[in-house]
Each structure stands twice: as structure tokens, then as C-alpha cells.
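J.: So I've got this file, data.cif, and it contains mmCIF, C-alpha atoms:
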```cif
data_run
loop_
_atom_site.group_PDB
_atom_site.id
_atom_site.type_symbol
_atom_site.label_atom_id
_atom_site.label_comp_id
_atom_site.auth_asym_id
_atom_site.auth_seq_id
_atom_site.Cartn_x
_atom_site.Cartn_y
_atom_site.Cartn_z
ATOM 1 C CA MET A 926 -2.538 -22.559 10.109
ATOM 2 C CA LYS A 927 -2.252 -21.460 6.491
ATOM 3 C CA THR A 928 0.910 -22.280 4.565
ATOM 4 C CA LEU A 929 2.334 -20.654 1.452
ATOM 5 C CA ALA A 930 2.106 -24.059 -0.304
ATOM 6 C CA GLU A 931 -1.643 -23.341 -0.637
ATOM 7 C CA LEU A 932 -0.720 -20.730 -3.231
ATOM 8 C CA SER A 933 0.174 -23.460 -5.721
ATOM 9 C CA ALA A 934 -3.535 -24.412 -5.826
ATOM 10 C CA ILE A 935 -4.325 -20.801 -6.798
ATOM 11 C CA ARG A 936 -1.621 -21.053 -9.451
ATOM 12 C CA GLU A 937 -3.376 -24.084 -10.995
ATOM 13 C CA ARG A 938 -6.764 -22.329 -10.976
ATOM 14 C CA MET A 939 -5.240 -19.210 -12.557
ATOM 15 C CA LYS A 940 -3.769 -21.106 -15.499
ATOM 16 C CA SER A 941 -7.076 -21.216 -17.337
ATOM 17 C CA LYS A 942 -8.132 -17.720 -16.243
ATOM 18 C CA VAL A 943 -5.017 -15.795 -17.235
ATOM 19 C CA SER A 944 -5.435 -16.640 -20.909
ATOM 20 C CA VAL A 945 -9.087 -15.544 -20.884
ATOM 21 C CA ARG A 946 -8.227 -12.230 -19.316
ATOM 22 C CA GLU A 947 -5.610 -11.163 -21.796
ATOM 23 C CA GLY A 948 -8.256 -9.221 -23.707
ATOM 24 C CA GLY A 949 -8.216 -6.743 -20.827
ATOM 25 C CA ASN A 950 -10.582 -6.018 -17.984
ATOM 26 C CA GLU A 951 -13.733 -4.069 -18.614
ATOM 27 C CA TYR A 952 -13.254 -1.740 -15.643
ATOM 28 C CA LEU A 953 -10.068 -0.239 -14.249
ATOM 29 C CA VAL A 954 -10.540 1.066 -10.719
ATOM 30 C CA LYS A 955 -7.875 3.261 -9.127
ATOM 31 C CA VAL A 956 -7.828 4.300 -5.492
ATOM 32 C CA GLY A 957 -5.789 7.382 -4.565
ATOM 33 C CA MET A 958 -3.172 6.207 -2.060
ATOM 34 C CA ALA A 959 -0.910 9.229 -1.562
ATOM 35 C CA THR A 960 -0.457 10.886 1.845
ATOM 36 C CA CYS A 961 -3.705 12.831 1.407
ATOM 37 C CA GLY A 962 -5.717 9.742 0.454
ATOM 38 C CA ILE A 963 -4.278 7.574 3.209
ATOM 39 C CA ALA A 964 -4.861 10.242 5.874
ATOM 40 C CA ALA A 965 -8.475 10.628 4.704
ATOM 41 C CA GLY A 966 -9.206 6.893 4.916
ATOM 42 C CA ALA A 967 -8.245 5.355 1.555
ATOM 43 C CA ARG A 968 -6.910 2.135 3.077
ATOM 44 C CA PRO A 969 -10.252 0.792 4.381
ATOM 45 C CA VAL A 970 -11.866 1.900 1.092
ATOM 46 C CA MET A 971 -9.313 -0.158 -0.860
ATOM 47 C CA SER A 972 -9.814 -3.130 1.483
ATOM 48 C CA ALA A 973 -13.593 -2.937 1.000
ATOM 49 C CA LEU A 974 -13.148 -2.711 -2.782
ATOM 50 C CA LEU A 975 -10.902 -5.798 -2.910
ATOM 51 C CA ASP A 976 -13.188 -7.761 -0.580
ATOM 52 C CA GLU A 977 -16.304 -6.891 -2.561
ATOM 53 C CA VAL A 978 -14.726 -7.638 -5.961
ATOM 54 C CA SER A 979 -13.737 -11.049 -4.560
ATOM 55 C CA ALA A 980 -17.114 -11.669 -2.902
ATOM 56 C CA GLN A 981 -19.039 -10.772 -6.083
ATOM 57 C CA HIS A 982 -16.580 -12.736 -8.285
ATOM 58 C CA LEU A 983 -15.895 -9.713 -10.491
ATOM 59 C CA GLU A 984 -12.202 -10.545 -11.006
ATOM 60 C CA GLU A 985 -12.778 -11.165 -14.716
ATOM 61 C CA THR A 986 -14.138 -7.685 -15.419
ATOM 62 C CA VAL A 987 -12.601 -5.450 -12.759
ATOM 63 C CA HIS A 988 -8.938 -4.595 -12.322
ATOM 64 C CA VAL A 989 -8.062 -2.786 -9.094
ATOM 65 C CA SER A 990 -5.004 -0.598 -8.797
ATOM 66 C CA GLN A 991 -3.539 2.310 -6.815
ATOM 67 C CA THR A 992 -2.727 5.827 -7.898
ATOM 68 C CA GLY A 993 -0.990 8.794 -6.317
ATOM 69 C CA CYS A 994 -2.301 12.258 -5.565
ATOM 70 C CA ILE A 995 -4.452 13.607 -8.380
ATOM 71 C CA GLY A 996 -4.622 17.099 -6.884
ATOM 72 C CA ILE A 997 -8.058 17.134 -5.251
ATOM 73 C CA CYS A 998 -6.906 16.282 -1.735
ATOM 74 C CA GLN A 999 -9.967 17.878 -0.130
ATOM 75 C CA TYR A 1000 -12.166 15.279 -1.853
ATOM 76 C CA GLU A 1001 -10.162 12.241 -0.735
ATOM 77 C CA PRO A 1002 -10.603 9.320 -0.514
ATOM 78 C CA VAL A 1003 -10.958 9.430 -4.300
ATOM 79 C CA VAL A 1004 -11.778 6.395 -6.455
ATOM 80 C CA GLU A 1005 -11.538 6.619 -10.241
ATOM 81 C CA VAL A 1006 -13.429 4.160 -12.454
ATOM 82 C CA PHE A 1007 -12.301 3.866 -16.080
ATOM 83 C CA LYS A 1008 -14.186 2.022 -18.809
ATOM 84 C CA GLY A 1009 -13.153 2.605 -22.418
ATOM 85 C CA ASP A 1010 -13.155 6.372 -22.863
ATOM 86 C CA GLU A 1011 -15.367 6.962 -19.855
ATOM 87 C CA LYS A 1012 -14.104 8.055 -16.460
ATOM 88 C CA PHE A 1013 -16.039 8.420 -13.220
ATOM 89 C CA THR A 1014 -14.488 10.135 -10.208
ATOM 90 C CA TYR A 1015 -16.032 9.064 -6.924
ATOM 91 C CA VAL A 1016 -15.133 11.357 -4.039
ATOM 92 C CA LYS A 1017 -15.227 11.347 -0.230
ATOM 93 C CA MET A 1018 -15.541 7.604 -0.313
ATOM 94 C CA THR A 1019 -16.179 5.276 2.606
ATOM 95 C CA PRO A 1020 -16.078 1.454 2.729
ATOM 96 C CA GLU A 1021 -19.905 1.458 2.722
ATOM 97 C CA LYS A 1022 -20.155 3.723 -0.348
ATOM 98 C CA MET A 1023 -17.448 1.633 -2.025
ATOM 99 C CA LYS A 1024 -19.536 -1.529 -1.628
ATOM 100 C CA GLU A 1025 -22.548 0.259 -3.157
ATOM 101 C CA VAL A 1026 -20.430 1.373 -6.126
ATOM 102 C CA VAL A 1027 -19.187 -2.192 -6.682
ATOM 103 C CA ASP A 1028 -22.733 -3.576 -6.594
ATOM 104 C CA SER A 1029 -24.342 -0.903 -8.738
ATOM 105 C CA HIS A 1030 -21.632 0.358 -11.091
ATOM 106 C CA LEU A 1031 -19.092 -2.451 -11.492
ATOM 107 C CA LYS A 1032 -21.607 -5.293 -11.317
ATOM 108 C CA ASP A 1033 -24.794 -3.854 -12.865
ATOM 109 C CA GLY A 1034 -23.291 -1.040 -14.970
ATOM 110 C CA LYS A 1035 -25.248 1.728 -13.215
ATOM 111 C CA PRO A 1036 -22.955 4.543 -12.009
ATOM 112 C CA LEU A 1037 -23.903 6.174 -8.704
ATOM 113 C CA TYR A 1038 -23.841 9.806 -9.781
ATOM 114 C CA GLN A 1039 -24.699 11.030 -6.271
ATOM 115 C CA TYR A 1040 -21.196 10.028 -5.137
ATOM 116 C CA THR A 1041 -19.280 11.469 -8.102
ATOM 117 C CA ILE A 1042 -17.424 14.769 -8.035
ATOM 118 C CA GLY A 1043 -20.005 16.442 -10.289
ATOM 119 C CA SER A 1044 -22.645 16.265 -7.560
ATOM 120 C CA MET A 1045 -20.483 17.781 -4.818
ATOM 121 C CA MET B 1441 -2.568 9.820 10.607
ATOM 122 C CA LYS B 1442 -4.557 7.866 13.158
ATOM 123 C CA GLU B 1443 -2.389 4.739 13.058
ATOM 124 C CA LEU B 1444 1.360 4.213 12.721
ATOM 125 C CA SER B 1445 0.607 1.575 10.086
ATOM 126 C CA LEU B 1446 -0.817 4.388 7.906
ATOM 127 C CA ASN B 1447 2.470 6.302 8.173
ATOM 128 C CA ILE B 1448 4.270 3.104 7.199
ATOM 129 C CA LEU B 1449 2.028 2.624 4.146
ATOM 130 C CA ASP B 1450 2.622 6.237 3.137
ATOM 131 C CA ILE B 1451 6.397 6.289 3.603
ATOM 132 C CA ALA B 1452 6.968 2.880 1.972
ATOM 133 C CA GLN B 1453 5.508 4.288 -1.247
ATOM 134 C CA ASN B 1454 8.507 6.577 -1.546
ATOM 135 C CA SER B 1455 10.622 3.446 -2.113
ATOM 136 C CA PHE B 1456 8.396 2.446 -5.046
ATOM 137 C CA LYS B 1457 8.732 5.924 -6.537
ATOM 138 C CA ALA B 1458 12.514 5.672 -6.099
ATOM 139 C CA GLU B 1459 12.431 2.661 -8.454
ATOM 140 C CA ALA B 1460 13.736 0.270 -5.818
ATOM 141 C CA GLU B 1461 14.136 -3.384 -6.779
ATOM 142 C CA ASN B 1462 14.214 -4.557 -3.171
ATOM 143 C CA ILE B 1463 12.274 -3.068 -0.269
ATOM 144 C CA ALA B 1464 12.548 -4.360 3.275
ATOM 145 C CA LEU B 1465 10.079 -3.391 5.981
ATOM 146 C CA GLU B 1466 11.043 -4.240 9.541
ATOM 147 C CA LEU B 1467 8.908 -3.704 12.629
ATOM 148 C CA LEU B 1468 10.512 -4.153 16.003
ATOM 149 C CA GLU B 1469 8.639 -4.022 19.301
ATOM 150 C CA GLU B 1470 10.678 -4.298 22.478
ATOM 151 C CA GLY B 1471 8.840 -3.294 25.605
ATOM 152 C CA ALA B 1472 7.753 0.315 25.142
ATOM 153 C CA LEU B 1473 10.092 0.945 22.218
ATOM 154 C CA PHE B 1474 8.656 0.567 18.732
ATOM 155 C CA THR B 1475 10.931 0.916 15.701
ATOM 156 C CA PHE B 1476 10.112 0.606 12.057
ATOM 157 C CA ARG B 1477 12.689 0.658 9.328
ATOM 158 C CA ILE B 1478 12.249 0.771 5.570
ATOM 159 C CA THR B 1479 15.360 -0.100 3.567
ATOM 160 C CA ASP B 1480 15.407 0.182 -0.209
ATOM 161 C CA ASP B 1481 17.877 0.094 -3.070
ATOM 162 C CA GLY B 1482 16.179 2.879 -4.983
ATOM 163 C CA ARG B 1483 17.754 5.934 -6.544
ATOM 164 C CA GLY B 1484 18.469 7.535 -3.178
ATOM 165 C CA MET B 1485 18.731 11.234 -2.399
ATOM 166 C CA THR B 1486 21.560 13.691 -2.829
ATOM 167 C CA PRO B 1487 22.878 15.324 0.363
ATOM 168 C CA GLU B 1488 21.262 18.590 -0.815
ATOM 169 C CA PHE B 1489 17.831 16.982 -1.227
ATOM 170 C CA LEU B 1490 18.199 15.087 2.055
ATOM 171 C CA MET B 1491 18.748 18.382 3.904
ATOM 172 C CA ARG B 1492 15.493 19.757 2.520
ATOM 173 C CA VAL B 1493 13.445 16.579 2.752
ATOM 174 C CA MET B 1494 11.756 17.403 6.084
ATOM 175 C CA ASP B 1495 10.545 20.701 4.686
ATOM 176 C CA PRO B 1496 6.836 20.413 3.769
ATOM 177 C CA PHE B 1497 7.564 22.549 0.719
ATOM 178 C CA THR B 1498 9.888 19.870 -0.631
ATOM 179 C CA THR B 1499 8.076 17.164 -2.527
ATOM 180 C CA THR B 1500 8.371 14.827 -5.480
ATOM 181 C CA ARG B 1501 4.666 15.072 -6.187
ATOM 182 C CA THR B 1502 3.720 16.974 -9.312
ATOM 183 C CA THR B 1503 0.143 17.956 -8.481
ATOM 184 C CA ARG B 1504 1.031 20.576 -5.877
ATOM 185 C CA LYS B 1505 4.016 21.996 -4.062
ATOM 186 C CA VAL B 1506 3.398 20.579 -0.595
ATOM 187 C CA GLY B 1507 4.480 17.137 0.603
ATOM 188 C CA LEU B 1508 3.604 16.039 4.117
ATOM 189 C CA GLY B 1509 4.616 12.376 4.269
ATOM 190 C CA LEU B 1510 7.965 12.671 6.053
ATOM 191 C CA PRO B 1511 7.099 15.801 8.081
ATOM 192 C CA LEU B 1512 4.003 14.035 9.465
ATOM 193 C CA LEU B 1513 6.064 10.971 10.375
ATOM 194 C CA LYS B 1514 8.759 13.075 12.051
ATOM 195 C CA MET B 1515 6.118 14.933 14.046
ATOM 196 C CA ALA B 1516 4.445 11.676 15.129
ATOM 197 C CA ALA B 1517 7.749 10.121 16.238
ATOM 198 C CA GLU B 1518 9.041 13.178 18.083
ATOM 199 C CA ALA B 1519 5.718 13.707 19.856
ATOM 200 C CA THR B 1520 6.369 10.436 21.706
ATOM 201 C CA GLY B 1521 10.007 11.222 22.522
ATOM 202 C CA GLY B 1522 11.235 9.167 19.573
ATOM 203 C CA GLU B 1523 12.941 10.278 16.397
ATOM 204 C CA LEU B 1524 13.148 9.914 12.645
ATOM 205 C CA LYS B 1525 16.441 9.117 10.918
ATOM 206 C CA ILE B 1526 17.095 8.989 7.201
ATOM 207 C CA VAL B 1527 20.291 7.745 5.605
ATOM 208 C CA SER B 1528 20.541 7.875 1.831
ATOM 209 C CA LYS B 1529 23.046 7.327 -0.963
ATOM 210 C CA ASP B 1530 22.112 8.668 -4.377
ATOM 211 C CA ARG B 1531 22.577 6.672 -7.542
ATOM 212 C CA GLU B 1532 24.840 9.184 -9.200
ATOM 213 C CA HIS B 1533 27.471 9.172 -6.461
ATOM 214 C CA TYR B 1534 27.008 5.553 -5.371
ATOM 215 C CA PRO B 1535 26.221 3.576 -8.529
ATOM 216 C CA GLU B 1536 26.915 0.255 -6.756
ATOM 217 C CA ASP B 1537 25.175 0.644 -3.392
ATOM 218 C CA HIS B 1538 22.568 3.402 -3.604
ATOM 219 C CA GLY B 1539 19.373 3.443 -1.608
ATOM 220 C CA THR B 1540 17.621 4.863 1.416
ATOM 221 C CA VAL B 1541 17.037 3.723 4.987
ATOM 222 C CA VAL B 1542 14.254 5.403 6.955
ATOM 223 C CA THR B 1543 14.138 4.546 10.657
ATOM 224 C CA ALA B 1544 11.422 5.844 12.970
ATOM 225 C CA THR B 1545 11.291 5.178 16.697
ATOM 226 C CA PHE B 1546 8.343 5.687 19.016
ATOM 227 C CA PHE B 1547 7.762 5.291 22.726
ATOM 228 C CA THR B 1548 4.467 3.447 22.866
ATOM 229 C CA ASP B 1549 3.886 4.283 26.526
ATOM 230 C CA HIS B 1550 3.694 7.976 25.652
ATOM 231 C CA ILE B 1551 0.147 9.319 25.626
ATOM 232 C CA ASP B 1552 0.681 10.834 22.170
ATOM 233 C CA CYS B 1553 1.754 7.550 20.560
ATOM 234 C CA PRO B 1554 -0.825 6.388 18.017
ATOM 235 C CA PRO B 1555 -1.601 2.654 17.941
ATOM 236 C CA LEU B 1556 0.195 0.529 15.338
ATOM 237 C CA GLY B 1557 -3.238 -0.286 13.943
ATOM 238 C CA ASP B 1558 -4.059 -2.486 10.981
ATOM 239 C CA VAL B 1559 -0.592 -3.560 9.878
ATOM 240 C CA VAL B 1560 -2.090 -6.470 7.890
ATOM 241 C CA SER B 1561 -3.868 -4.054 5.525
ATOM 242 C CA THR B 1562 -0.719 -1.980 5.169
ATOM 243 C CA VAL B 1563 1.430 -4.964 4.172
ATOM 244 C CA LEU B 1564 -1.316 -6.274 1.909
ATOM 245 C CA LEU B 1565 -1.630 -2.978 0.020
ATOM 246 C CA LEU B 1566 2.145 -2.776 -0.377
ATOM 247 C CA ILE B 1567 2.125 -6.279 -1.877
ATOM 248 C CA GLN B 1568 -0.748 -5.204 -4.137
ATOM 249 C CA SER B 1569 1.378 -2.404 -5.541
ATOM 250 C CA ALA B 1570 4.177 -4.888 -6.330
ATOM 251 C CA PRO B 1571 2.433 -7.451 -8.601
ATOM 252 C CA PHE B 1572 5.756 -8.783 -9.946
ATOM 253 C CA SER B 1573 8.294 -6.296 -8.631
ATOM 254 C CA PRO B 1574 9.862 -4.820 -6.581
ATOM 255 C CA ARG B 1575 10.642 -7.601 -4.146
ATOM 256 C CA LEU B 1576 9.216 -6.894 -0.709
ATOM 257 C CA SER B 1577 10.288 -8.467 2.515
ATOM 258 C CA TYR B 1578 8.422 -7.939 5.756
ATOM 259 C CA THR B 1579 9.607 -8.811 9.249
ATOM 260 C CA HIS B 1580 7.742 -8.134 12.472
ATOM 261 C CA LYS B 1581 9.538 -8.912 15.734
ATOM 262 C CA LYS B 1582 7.732 -8.538 19.008
ATOM 263 C CA ASN B 1583 9.378 -9.328 22.337
ATOM 264 C CA GLY B 1584 11.374 -12.242 20.899
ATOM 265 C CA GLU B 1585 8.646 -13.611 18.607
ATOM 266 C CA GLU B 1586 8.986 -13.144 14.845
ATOM 267 C CA PHE B 1587 6.791 -13.287 11.758
ATOM 268 C CA SER B 1588 8.123 -12.659 8.276
ATOM 269 C CA LEU B 1589 7.054 -12.801 4.662
ATOM 270 C CA ASP B 1590 9.016 -12.348 1.442
ATOM 271 C CA THR B 1591 7.330 -11.837 -1.928
ATOM 272 C CA ALA B 1592 10.101 -13.961 -3.513
ATOM 273 C CA GLU B 1593 8.613 -16.947 -1.633
ATOM 274 C CA LEU B 1594 5.163 -16.085 -2.983
ATOM 275 C CA HIS B 1595 6.399 -15.951 -6.579
ATOM 276 C CA GLU B 1596 8.119 -19.296 -6.039
ATOM 277 C CA GLN B 1597 4.735 -20.867 -5.268
ATOM 278 C CA LEU B 1598 2.728 -18.920 -7.839
ATOM 279 C CA GLY B 1599 5.071 -19.206 -10.799
ATOM 280 C CA PRO B 1600 6.038 -16.460 -13.244
ATOM 281 C CA ASP B 1601 2.539 -15.707 -14.605
ATOM 282 C CA VAL B 1602 0.373 -14.985 -11.556
ATOM 283 C CA PRO B 1603 0.610 -11.408 -10.272
ATOM 284 C CA LEU B 1604 0.312 -10.774 -6.526
ATOM 285 C CA ASP B 1605 -2.513 -8.269 -7.066
ATOM 286 C CA GLU B 1606 -4.925 -11.033 -8.115
ATOM 287 C CA PRO B 1607 -7.914 -10.673 -5.750
ATOM 288 C CA GLU B 1608 -7.750 -14.401 -4.940
ATOM 289 C CA VAL B 1609 -4.066 -14.138 -3.998
ATOM 290 C CA LEU B 1610 -4.705 -11.036 -1.888
ATOM 291 C CA ALA B 1611 -7.615 -12.755 -0.110
ATOM 292 C CA PHE B 1612 -5.318 -15.658 0.799
ATOM 293 C CA LEU B 1613 -2.574 -13.285 1.935
ATOM 294 C CA ARG B 1614 -4.965 -11.328 4.132
ATOM 295 C CA ASP B 1615 -5.755 -14.528 6.052
ATOM 296 C CA TYR B 1616 -2.109 -15.609 6.072
ATOM 297 C CA LEU B 1617 -0.898 -12.250 7.403
ATOM 298 C CA THR B 1618 -3.693 -12.095 9.983
ATOM 299 C CA GLU B 1619 -2.692 -15.523 11.335
ATOM 300 C CA GLY B 1620 0.999 -14.611 11.288
ATOM 301 C CA GLU B 1621 0.445 -11.355 13.156
ATOM 302 C CA ALA B 1622 -1.758 -13.130 15.719
ATOM 303 C CA SER B 1623 1.003 -15.704 16.298
ATOM 304 C CA ILE B 1624 3.412 -13.071 17.687
ATOM 305 C CA GLN B 1625 0.915 -11.199 19.864
#
```
Using C-alpha cells, write down the structure that the file contains.

T.:
Amino acid sequence: MKTLAELSAIRERMKSKVSVREGGNEYLVKVGMATCGIAAGARPVMSALLDEVSAQHLEETVHVSQTGCIGICQYEPVVEVFKGDEKFTYVKMTPEKMKEVVDSHLKDGKPLYQYTIGSM
Amino acid sequence: MKELSLNILDIAQNSFKAEAENIALELLEEGALFTFRITDDGRGMTPEFLMRVMDPFTTTRTTRKVGLGLPLLKMAAEATGGELKIVSKDREHYPEDHGTVVTATFFTDHIDCPPLGDVVSTVLLLIQSAPFSPRLSYTHKKNGEEFSLDTAELHEQLGPDVPLDEPEVLAFLRDYLTEGEASIQ
């Protein structure tokens, strides 16, 4: 049985990391989690994203967050990837496609244009 | 929505948008009756807005003029013989005790009742959207058994600098919530 006391170990590990990260993450990834996104399957996409970022140890370079409806409900689940001035909008996402995007785009820096809105 | 836990995730976000400092999510399962209640101390709604809130053409979203969160929840609850109740006090008229309580009841033995589904993911994603605030408390009671979690307890362990949306924290919480939910089944 897990206990909340285990969190204090995470706190110790984070002490060194937090200072390193203050420069900001390289990638900001936002998953649309409004009614339209949730109904279209955004929750498992977000779960897959968090799992894969953890599994690939990308916490230092990837920050994951949620956003509301961006107005393209028919393309949900939508995942936006920001890096500097660049923005990629991945549409009609699934947990499987999300894992591919993490591996190719967020890990190796190669965007998967076939899943972006421009190719729809 | 294919799962009630998706409705819960959707509706709970209204409390964030209402700038609540405290949000309580309660799930109660007693025999065939399932109730969930979201209580917040956000800005609340005026009586005028409350009257229109079930109308799909009433929404706080800015990207289009249709909002389906509450209408979808009302439809889901009523389809099972249950109901949706909203009580709200707006900040302007009730500066001391404003907030909103949304209560939805479902009869789970009705053929049109969706399953509760992945409540662990729902709670986890709500915690993710509250890295330092608002404070979230979650209680799930099922036939006399109870599991609860309060983000104030998490911050107590993690200290003031570690946000709850750290992937490592979320990974721990996923396991913790999964065990807790299993313990009341």
C-alpha cells in the first residue's frame, strides 16, 4: 500500500532539479480539455502523454499543460506543441499517435507533419 | 460522454474558471443510486445566469456561442431517472459565502446509465490543473467504504516548491489513486 509519506522522497529529488529547470522547458505541450476535447477522447491522450514523458525521462525539456476550447472542435482531441516562436497543432489525436509524437517530436526534434492540422 | 467520470472532469473545470480557491468533489454510491457533487467557493452565478445555464446557447467560452457541458450532464442524469441540481451564490450579492454546488444523481441500474469509468484519470487530471492552487479535495464513498484525498496533504509532504503537475508526482498519484479506488470496490 502506497502512503503519502513517499512524496517526501520526491521532494528531496526535486530540490536539485527545480533550480536547473528555472531556465524554462524547451517544449510546452497543451492538450485541449474542454467539453469538446473530453468528449472526443482527450483524457486518454493526456494520460498517454504524461506516461510517455515520464517513461522517456523528458521532464527536463517538456512541460505538459491543459487548455480550453480553441475553436476547432471537429478536430479534437487537439494537442498544441510550442517551442520558441514555433507552434505545431496536432489534431484528431489518439494515445497511440501521442506516443509517436513524444518519441519523434519531443524526444528527437522531428515533428510528425502527417498528424498536424495542415495535412488534414 | 461515454463515462460519467468524463462528465465530472468537464463540469469540475467550471469551478477552476470561476476562480475557486477550494473545490470539493464527492462521489457517493449507495446501491443503485450514484451521486456526485462538486462544491466550490468560486464567483458563483447570478439568479439570471443560473436560469439560463441549462440553455446550450449560454456559455462562458469565447471561441463559439454554444456550451454543452451542463446540458449534456443534465441529459445523462435525467435519462436514468436521476436529476441535476445547481445551487449558486454570486460574489457580488454574497461577498462572504459565494460559490456553486452542482449535484447530479443517476440510477445505475437504468439501461441508459453510463459506467462511472476511469475516475482515477479524472481526479489525476484535475490535480494536474491545480499545481499549487486551488485546493482540491476528493471523497469517494461506496456502500460504507470510503477513500479520500486532499491536495493540502500532498503539499504538506512536497513542500512549497514542488508543483503537483510534476510528471513524477502525477505518476505516484496515479498508483496511489488506483490503490485507493481498488480498496473500496

J.: Could you jot down the atom CA of B:Asp1605 to atom CA of B:Thr1591 separation for me, Å, one decimal place?

T.: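 Computing it gives 11.7 Å between the two atoms.
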
J.: Build an axis-aligned box that encloses every atom of stretch 1540-1556 of chain B listed in the file, pad it by 5 Å on each side, and report its centre and edge lengths in Å to one decimal, as AutoDock Vina command-line options.

T.:
```
--center_x 8.0 --center_y 5.7 --center_z 14.0 --size_x 29.2 --size_y 20.3 --size_z 35.1
```

J.: Kindly give the distance, in Å, that separates atom CA of B:Ser1588 and atom CA of B:Gly1620, rounded to a single decimal.

T.: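 Going from atom CA of B:Ser1588 over to atom CA of B:Gly1620 covers 8.0 Å.
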
J.: Which residues are close to stretch 959-967 of chain A, i.e. within 6 Å by only C-alpha atoms, leaving aside same-chain residues fewer than 4 positions away? Reply as a PyMOL selection string.

T.: (chain A and resi 993-994+998+1001-1002) or (chain B and resi 1441+1450+1509)

J.: Starting from the PyMOL selection byres ((chain A) within 7 of (chain B)), expand the selection into actual residues of this file and give them as number ranges by chain.

T.: A: 927, 929-930, 932-933, 936, 959-960, 963-964, 975, 979, 984, 991, 994-996

J.: So which residues touch stretch 1539-1541 of chain B within 8 Å, counting all atoms listed in the file, skipping near sequence neighbours fewer than 6 positions away, as a PDB file with C-alpha atoms, in the frame of the given file?

T.:
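Output (out-v8.pdb):
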```
ATOM      1  CA  SER B1455      10.622   3.446  -2.113  1.00  0.00           C
ATOM      2  CA  ALA B1460      13.736   0.270  -5.818  1.00  0.00           C
ATOM      3  CA  ARG B1477      12.689   0.658   9.328  1.00  0.00           C
ATOM      4  CA  ILE B1478      12.249   0.771   5.570  1.00  0.00           C
ATOM      5  CA  THR B1479      15.360  -0.100   3.567  1.00  0.00           C
ATOM      6  CA  ASP B1480      15.407   0.182  -0.209  1.00  0.00           C
ATOM      7  CA  ASP B1481      17.877   0.094  -3.070  1.00  0.00           C
ATOM      8  CA  GLY B1482      16.179   2.879  -4.983  1.00  0.00           C
ATOM      9  CA  ARG B1483      17.754   5.934  -6.544  1.00  0.00           C
ATOM     10  CA  GLY B1484      18.469   7.535  -3.178  1.00  0.00           C
ATOM     11  CA  MET B1485      18.731  11.234  -2.399  1.00  0.00           C
ATOM     12  CA  ILE B1526      17.095   8.989   7.201  1.00  0.00           C
ATOM     13  CA  VAL B1527      20.291   7.745   5.605  1.00  0.00           C
ATOM     14  CA  SER B1528      20.541   7.875   1.831  1.00  0.00           C
ATOM     15  CA  LYS B1529      23.046   7.327  -0.963  1.00  0.00           C
ATOM     16  CA  ASP B1530      22.112   8.668  -4.377  1.00  0.00           C
ATOM     17  CA  ARG B1531      22.577   6.672  -7.542  1.00  0.00           C
TER      18      ARG B1531
END
```

J.: Would you please work out which residue, of B:Leu1467, B:Leu1444, B:Ala1622, B:Val1560, is nearest to B:Ala1517 when using all atoms listed in the file?

T.: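 That would be B:Leu1444, the residue with the smallest distance to B:Ala1517.
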
J.: When you count all atoms listed in the file, which of these residues is closest to B:Asn1583: B:Ala1458, B:Met1494, B:Ile1448, B:Leu1468?

T.: B:Leu1468

J.: Just to confirm, what's the straight-line distance from atom CA of A:Ala980 to atom CA of A:Val956 in Å (one decimal)?

T.: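 Interatomic distance, atom CA of A:Ala980 to atom CA of A:Val956: 18.7 Å.
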
J.: When you count all atoms listed in the file, which of these residues is closest to A:Asp1010: A:Met958, A:Val1027, A:Leu953, A:Val970?

T.: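 Of A:Met958, A:Val1027, A:Leu953, A:Val970, the one nearest A:Asp1010, counting all atoms listed in the file, is A:Leu953.
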
J.: Rank B:Val1563, B:Ile1551, B:Ala1570, B:Ile1624 by their smallest atom-to-atom distance to B:Glu1586, using all atoms listed in the file, and report the top residue only.

T.: B:Ile1624
